[in-house]
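The next block holds one structure in the form of structure tokens; read it before the comments.
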Amino acid sequence: MKCPFCGEENTRVIDSRPTEDGSSIRRRRQCDECKKRFTTYEKVEAIPLVVIKKNQDREPYDRTKIESGIFRSCHKRPISVERINMLVDEIEAAIFNLEAKEIPSSQIGMIVMDKLKDFDQVAYVRFASVYREFKDANTFMDEIKKILEISDKKEI
């Protein structure tokens with residue numbers, strides 16, 4: 001494993017433990033050259049997943065696209081990076097549990113919105129407004145009314 005600081009290839013593992021969800025191994029490493037420490041994660045390599053875009057183009061699945069969308073929707077919300085990463089892990093698990101080799105981007109979007117709805121309502125509306133391409137304020141208000149109806153039902 002190359003050191004991210006100096007590029008030296010001689011590093012050693014000084015601590016190794018499973019992550020909380022047990023899906024990967026967290027390893028603390030130390031560079032033999034510069035003595036700096038860094039963390040790596042070892043995961044089981046999943047089935048290569050192809051995403052089918054709206055225009056029918058196909059591209060490899062990219063977790064960072066989900067992360068960036070959720071980070072933008074959670075901007076200036078009182079949500080820790082750790083909670084956001086846990087949400088992205090949940091979303092990713094739901095996607096890979098489908099055991100499909102190809103998945104439409106619309107299905108990924110629906111999974112993200114479903115998880116965001118319970119996670120943070122403001123983040124959900126922000127994400128939905130971009131994902132569903134709200135054309136006007138009425139469409140936006142309709143979505144907010146739906147959320148309020150769901151919240152009222154949960155309180156009963």
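Naming scheme: A, B, ... for chains in displayed order of the structure tokens; residues 1 onward per chain; ligands 1 onward as shown.
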- Task: May I have the residues within 8 Å of segment 108-122 of chain A as a VMD selection string, using only C-alpha atoms and disregarding those fewer than 6 positions away in the same chain?
- Result: chain A and resid 66 73 to 74 87 91 94 to 95 128 131 147
- Return as JSON, numbers by chain the full set of residues in chain A whose backbone-based DSSP assignment is strand (DSSP E or B). {"A": [11, 12, 13, 14, 15, 16, 17, 18, 24, 25, 26, 27, 28, 29, 30, 31, 37, 38, 39, 40, 41, 42, 43, 50, 51, 52, 58, 59, 60, 102, 103, 104]}
Could the residues in this selection be written to a file with N, CA, C and O atoms, as a CSV table (one decimal), in the first residue's frame?
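Listed below is the output, result.csv:
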chain,number,residue,atom,x,y,z
A,11,THR,N,4.6,0.3,3.8
A,11,THR,CA,3.7,0.7,4.9
A,11,THR,C,3.4,-0.6,5.7
A,11,THR,O,3.4,-1.7,5.1
A,12,ARG,N,3.0,-0.4,6.9
A,12,ARG,CA,2.6,-1.6,7.7
A,12,ARG,C,1.3,-1.3,8.4
A,12,ARG,O,1.0,-0.2,8.8
A,13,VAL,N,0.5,-2.4,8.6
A,13,VAL,CA,-0.7,-2.3,9.4
A,13,VAL,C,-0.4,-2.3,10.9
A,13,VAL,O,0.3,-3.2,11.4
A,14,ILE,N,-0.9,-1.3,11.6
A,14,ILE,CA,-0.7,-1.3,13.0
A,14,ILE,C,-2.0,-1.6,13.8
A,14,ILE,O,-1.9,-1.9,15.0
A,15,ASP,N,-3.1,-1.5,13.1
A,15,ASP,CA,-4.4,-1.9,13.8
A,15,ASP,C,-5.4,-2.3,12.7
A,15,ASP,O,-5.4,-1.7,11.6
A,16,SER,N,-6.2,-3.3,13.0
A,16,SER,CA,-7.2,-3.8,12.0
A,16,SER,C,-8.4,-4.2,12.8
A,16,SER,O,-8.3,-4.9,13.8
A,17,ARG,N,-9.6,-3.7,12.3
A,17,ARG,CA,-10.8,-4.1,13.0
A,17,ARG,C,-12.0,-3.9,12.0
A,17,ARG,O,-11.9,-3.1,11.0
A,18,PRO,N,-13.1,-4.6,12.2
A,18,PRO,CA,-14.2,-4.5,11.3
A,18,PRO,C,-14.9,-3.2,11.6
A,18,PRO,O,-14.9,-2.6,12.7
A,24,SER,N,-16.9,-4.0,6.1
A,24,SER,CA,-15.5,-3.8,5.6
A,24,SER,C,-14.6,-3.9,6.8
A,24,SER,O,-15.0,-3.9,8.0
A,25,ILE,N,-13.3,-3.9,6.5
A,25,ILE,CA,-12.2,-3.9,7.5
A,25,ILE,C,-11.5,-2.5,7.5
A,25,ILE,O,-11.1,-2.1,6.4
A,26,ARG,N,-11.4,-1.9,8.6
A,26,ARG,CA,-10.7,-0.6,8.8
A,26,ARG,C,-9.3,-1.0,9.2
A,26,ARG,O,-9.1,-1.7,10.2
A,27,ARG,N,-8.3,-0.4,8.5
A,27,ARG,CA,-6.9,-0.7,8.9
A,27,ARG,C,-6.2,0.6,9.1
A,27,ARG,O,-6.2,1.5,8.2
A,28,ARG,N,-5.5,0.7,10.2
A,28,ARG,CA,-4.6,1.9,10.5
A,28,ARG,C,-3.2,1.4,10.0
A,28,ARG,O,-2.8,0.3,10.3
A,29,ARG,N,-2.6,2.3,9.2
A,29,ARG,CA,-1.3,1.9,8.6
A,29,ARG,C,-0.3,3.0,9.0
A,29,ARG,O,-0.7,4.2,9.2
A,30,GLN,N,0.9,2.7,9.0
A,30,GLN,CA,2.0,3.6,9.2
A,30,GLN,C,3.1,3.5,8.1
A,30,GLN,O,3.5,2.3,7.8
A,31,CYS,N,3.5,4.6,7.6
A,31,CYS,CA,4.6,4.5,6.6
A,31,CYS,C,5.9,4.3,7.2
A,31,CYS,O,6.2,5.0,8.2
A,37,ARG,N,0.7,8.3,9.7
A,37,ARG,CA,-0.3,7.2,9.8
A,37,ARG,C,-1.5,7.6,8.9
A,37,ARG,O,-1.8,8.8,8.7
A,38,PHE,N,-2.2,6.6,8.4
A,38,PHE,CA,-3.4,6.8,7.6
A,38,PHE,C,-4.3,5.6,7.7
A,38,PHE,O,-3.9,4.5,8.2
A,39,THR,N,-5.5,5.8,7.3
A,39,THR,CA,-6.5,4.7,7.4
A,39,THR,C,-6.9,4.2,6.0
A,39,THR,O,-7.1,5.0,5.1
A,40,THR,N,-7.1,2.9,5.9
A,40,THR,CA,-7.6,2.3,4.6
A,40,THR,C,-8.8,1.4,5.0
A,40,THR,O,-8.9,1.0,6.1
A,41,TYR,N,-9.6,1.2,4.0
A,41,TYR,CA,-10.8,0.3,4.2
A,41,TYR,C,-10.7,-0.8,3.2
A,41,TYR,O,-10.4,-0.6,2.0
A,42,GLU,N,-11.0,-2.0,3.6
A,42,GLU,CA,-11.0,-3.2,2.7
A,42,GLU,C,-12.4,-3.7,2.6
A,42,GLU,O,-13.0,-4.0,3.7
A,43,LYS,N,-12.9,-3.7,1.4
A,43,LYS,CA,-14.3,-4.2,1.2
A,43,LYS,C,-14.3,-5.3,0.2
A,43,LYS,O,-13.4,-5.4,-0.6
A,50,VAL,N,-23.9,-1.4,-13.6
A,50,VAL,CA,-24.0,-0.4,-14.6
A,50,VAL,C,-25.3,0.4,-14.4
A,50,VAL,O,-26.3,-0.2,-14.2
A,51,VAL,N,-25.2,1.7,-14.5
A,51,VAL,CA,-26.3,2.6,-14.3
A,51,VAL,C,-26.8,3.0,-15.7
A,51,VAL,O,-26.0,3.4,-16.6
A,52,ILE,N,-28.1,2.8,-16.0
A,52,ILE,CA,-28.8,3.2,-17.2
A,52,ILE,C,-29.3,4.6,-17.0
A,52,ILE,O,-30.3,4.8,-16.2
A,58,ARG,N,-25.1,4.2,-20.8
A,58,ARG,CA,-24.8,3.3,-19.6
A,58,ARG,C,-23.4,3.8,-19.1
A,58,ARG,O,-22.5,4.1,-19.9
A,59,GLU,N,-23.3,3.8,-17.8
A,59,GLU,CA,-22.0,4.2,-17.2
A,59,GLU,C,-21.9,3.4,-15.9
A,59,GLU,O,-22.8,2.9,-15.3
A,60,PRO,N,-20.6,3.2,-15.4
A,60,PRO,CA,-20.4,2.4,-14.2
A,60,PRO,C,-21.0,3.1,-13.0
A,60,PRO,O,-21.0,4.4,-13.0
A,102,GLU,N,-27.5,-4.3,-14.0
A,102,GLU,CA,-27.8,-2.9,-14.5
A,102,GLU,C,-29.0,-2.4,-13.8
A,102,GLU,O,-29.9,-3.1,-13.4
A,103,ILE,N,-29.0,-1.1,-13.5
A,103,ILE,CA,-30.1,-0.5,-12.8
A,103,ILE,C,-30.4,0.9,-13.4
A,103,ILE,O,-29.4,1.7,-13.6
A,104,PRO,N,-31.6,1.3,-13.6
A,104,PRO,CA,-31.9,2.6,-14.1
A,104,PRO,C,-31.6,3.7,-13.1
A,104,PRO,O,-31.8,3.5,-11.9
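Checking A:Lys65, A:Phe127, A:Ile144, A:Phe71 one by one against Glu92 of chain A, counting only C-alpha atoms, you find the shortest gap at A:Lys65.
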- Task: Figure out the distance between atom CA of Gly22 of chain A and atom CA of Ala93 of chain A, please, to one decimal in Å.
- Result: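 Atom-to-atom, atom CA of Ala93 of chain A and atom CA of Gly22 of chain A are spaced 12.3 Å apart.
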Neighbours of segment 136-140 of chain A within 10 Å (only C-alpha atoms; same-chain residues fewer than 5 positions away dropped), as an mmCIF file with N, CA, C and O atoms, in the first residue's frame?
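Below is the file selection_8.cif, written as the result:
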data_model
loop_
_atom_site.group_PDB
_atom_site.id
_atom_site.type_symbol
_atom_site.label_atom_id
_atom_site.label_comp_id
_atom_site.auth_asym_id
_atom_site.auth_seq_id
_atom_site.Cartn_x
_atom_site.Cartn_y
_atom_site.Cartn_z
ATOM 1 N N VAL A 125 -36.867 17.396 0.301
ATOM 2 C CA VAL A 125 -37.491 18.341 -0.643
ATOM 3 C C VAL A 125 -36.437 18.936 -1.568
ATOM 4 O O VAL A 125 -36.666 19.082 -2.769
ATOM 5 N N ARG A 126 -35.273 19.249 -1.029
ATOM 6 C CA ARG A 126 -34.197 19.784 -1.875
ATOM 7 C C ARG A 126 -33.797 18.773 -2.950
ATOM 8 O O ARG A 126 -33.656 19.118 -4.117
ATOM 9 N N ALA A 128 -35.554 16.179 -4.039
ATOM 10 C CA ALA A 128 -36.695 15.931 -4.935
ATOM 11 C C ALA A 128 -36.863 17.059 -5.943
ATOM 12 O O ALA A 128 -37.201 16.816 -7.103
ATOM 13 N N SER A 129 -36.599 18.290 -5.520
ATOM 14 C CA SER A 129 -36.784 19.424 -6.439
ATOM 15 C C SER A 129 -35.816 19.342 -7.616
ATOM 16 O O SER A 129 -36.165 19.715 -8.736
ATOM 17 N N LYS A 145 -46.723 19.534 0.723
ATOM 18 C CA LYS A 145 -48.004 19.097 1.299
ATOM 19 C C LYS A 145 -48.010 17.587 1.534
ATOM 20 O O LYS A 145 -48.503 17.115 2.558
#
- Near Ser68 of chain A, counting only C-alpha atoms, which residues have an atom at most 12 Å away, once you skip same-chain residues fewer than 5 positions from it, shown as a list in words? Asp62, Arg63, Ser73, Cys74, His75, Val81, Ile84, Asn85, Val88 and Phe127 of chain A
Pull N, CA and C atoms from the residues just selected and write them as a compact mmCIF listing (two decimals), in the first residue's frame.
# COMPACT_ATOMS: atom_id res chain seq x y z
N ASP A 62 -21.28 4.88 -9.57
CA ASP A 62 -20.32 5.76 -8.91
C ASP A 62 -20.93 6.28 -7.61
N ARG A 63 -20.46 5.75 -6.49
CA ARG A 63 -20.96 6.13 -5.17
C ARG A 63 -20.86 7.63 -4.93
N SER A 73 -28.01 18.35 -0.79
CA SER A 73 -29.35 18.48 -0.22
C SER A 73 -29.31 18.71 1.28
N CYS A 74 -28.24 18.30 1.95
CA CYS A 74 -28.11 18.49 3.40
C CYS A 74 -27.32 19.74 3.76
N HIS A 75 -26.97 20.55 2.76
CA HIS A 75 -26.17 21.75 2.99
C HIS A 75 -26.84 22.66 4.03
N VAL A 81 -21.43 14.61 9.13
CA VAL A 81 -20.88 13.88 7.99
C VAL A 81 -21.00 12.38 8.25
N ILE A 84 -24.47 11.27 7.39
CA ILE A 84 -24.65 11.27 5.94
C ILE A 84 -23.97 10.04 5.33
N ASN A 85 -22.76 9.74 5.79
CA ASN A 85 -22.06 8.55 5.28
C ASN A 85 -22.82 7.27 5.60
N VAL A 88 -25.63 7.06 3.10
CA VAL A 88 -25.12 6.63 1.80
C VAL A 88 -24.83 5.12 1.83
N PHE A 127 -33.60 17.54 -2.53
CA PHE A 127 -33.21 16.50 -3.49
C PHE A 127 -34.31 16.28 -4.52
- Task: Using backbone DSSP assignments, extract all helix (DSSP H, G or I) residues from segment 36-103 of chain A; output them as a list in words.
- Result: Arg63, Thr64, Lys65, Ile66, Glu67, Ser68, Gly69, Ile70, Phe71, Arg72, Ser73, Val81, Glu82, Arg83, Ile84, Asn85, Met86, Leu87, Val88, Asp89, Glu90, Ile91, Glu92, Ala93, Ala94, Ile95, Phe96 and Asn97 of chain A
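One finds atom CA of Arg83 of chain A at 28.1 Å from atom CA of Asp142 of chain A.
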- Message: Please compute the atom CA of Lys54 of chain A-atom CA of Lys135 of chain A distance, one decimal, in Å.
- Response: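 Pair atom CA of Lys54 of chain A / atom CA of Lys135 of chain A returns 17.9 Å.
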- Query: For Ala123 of chain A, which residue out of A:Lys2, A:Arg72, A:Lys36, A:Lys53 is the nearest one, using only C-alpha atoms?
  - Reply: A:Arg72
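Among A:Glu67, A:Glu20, A:Leu49, A:Glu82, the residue with the shortest atom-to-atom distance to Lys101 of chain A, counting only C-alpha atoms, is A:Leu49.
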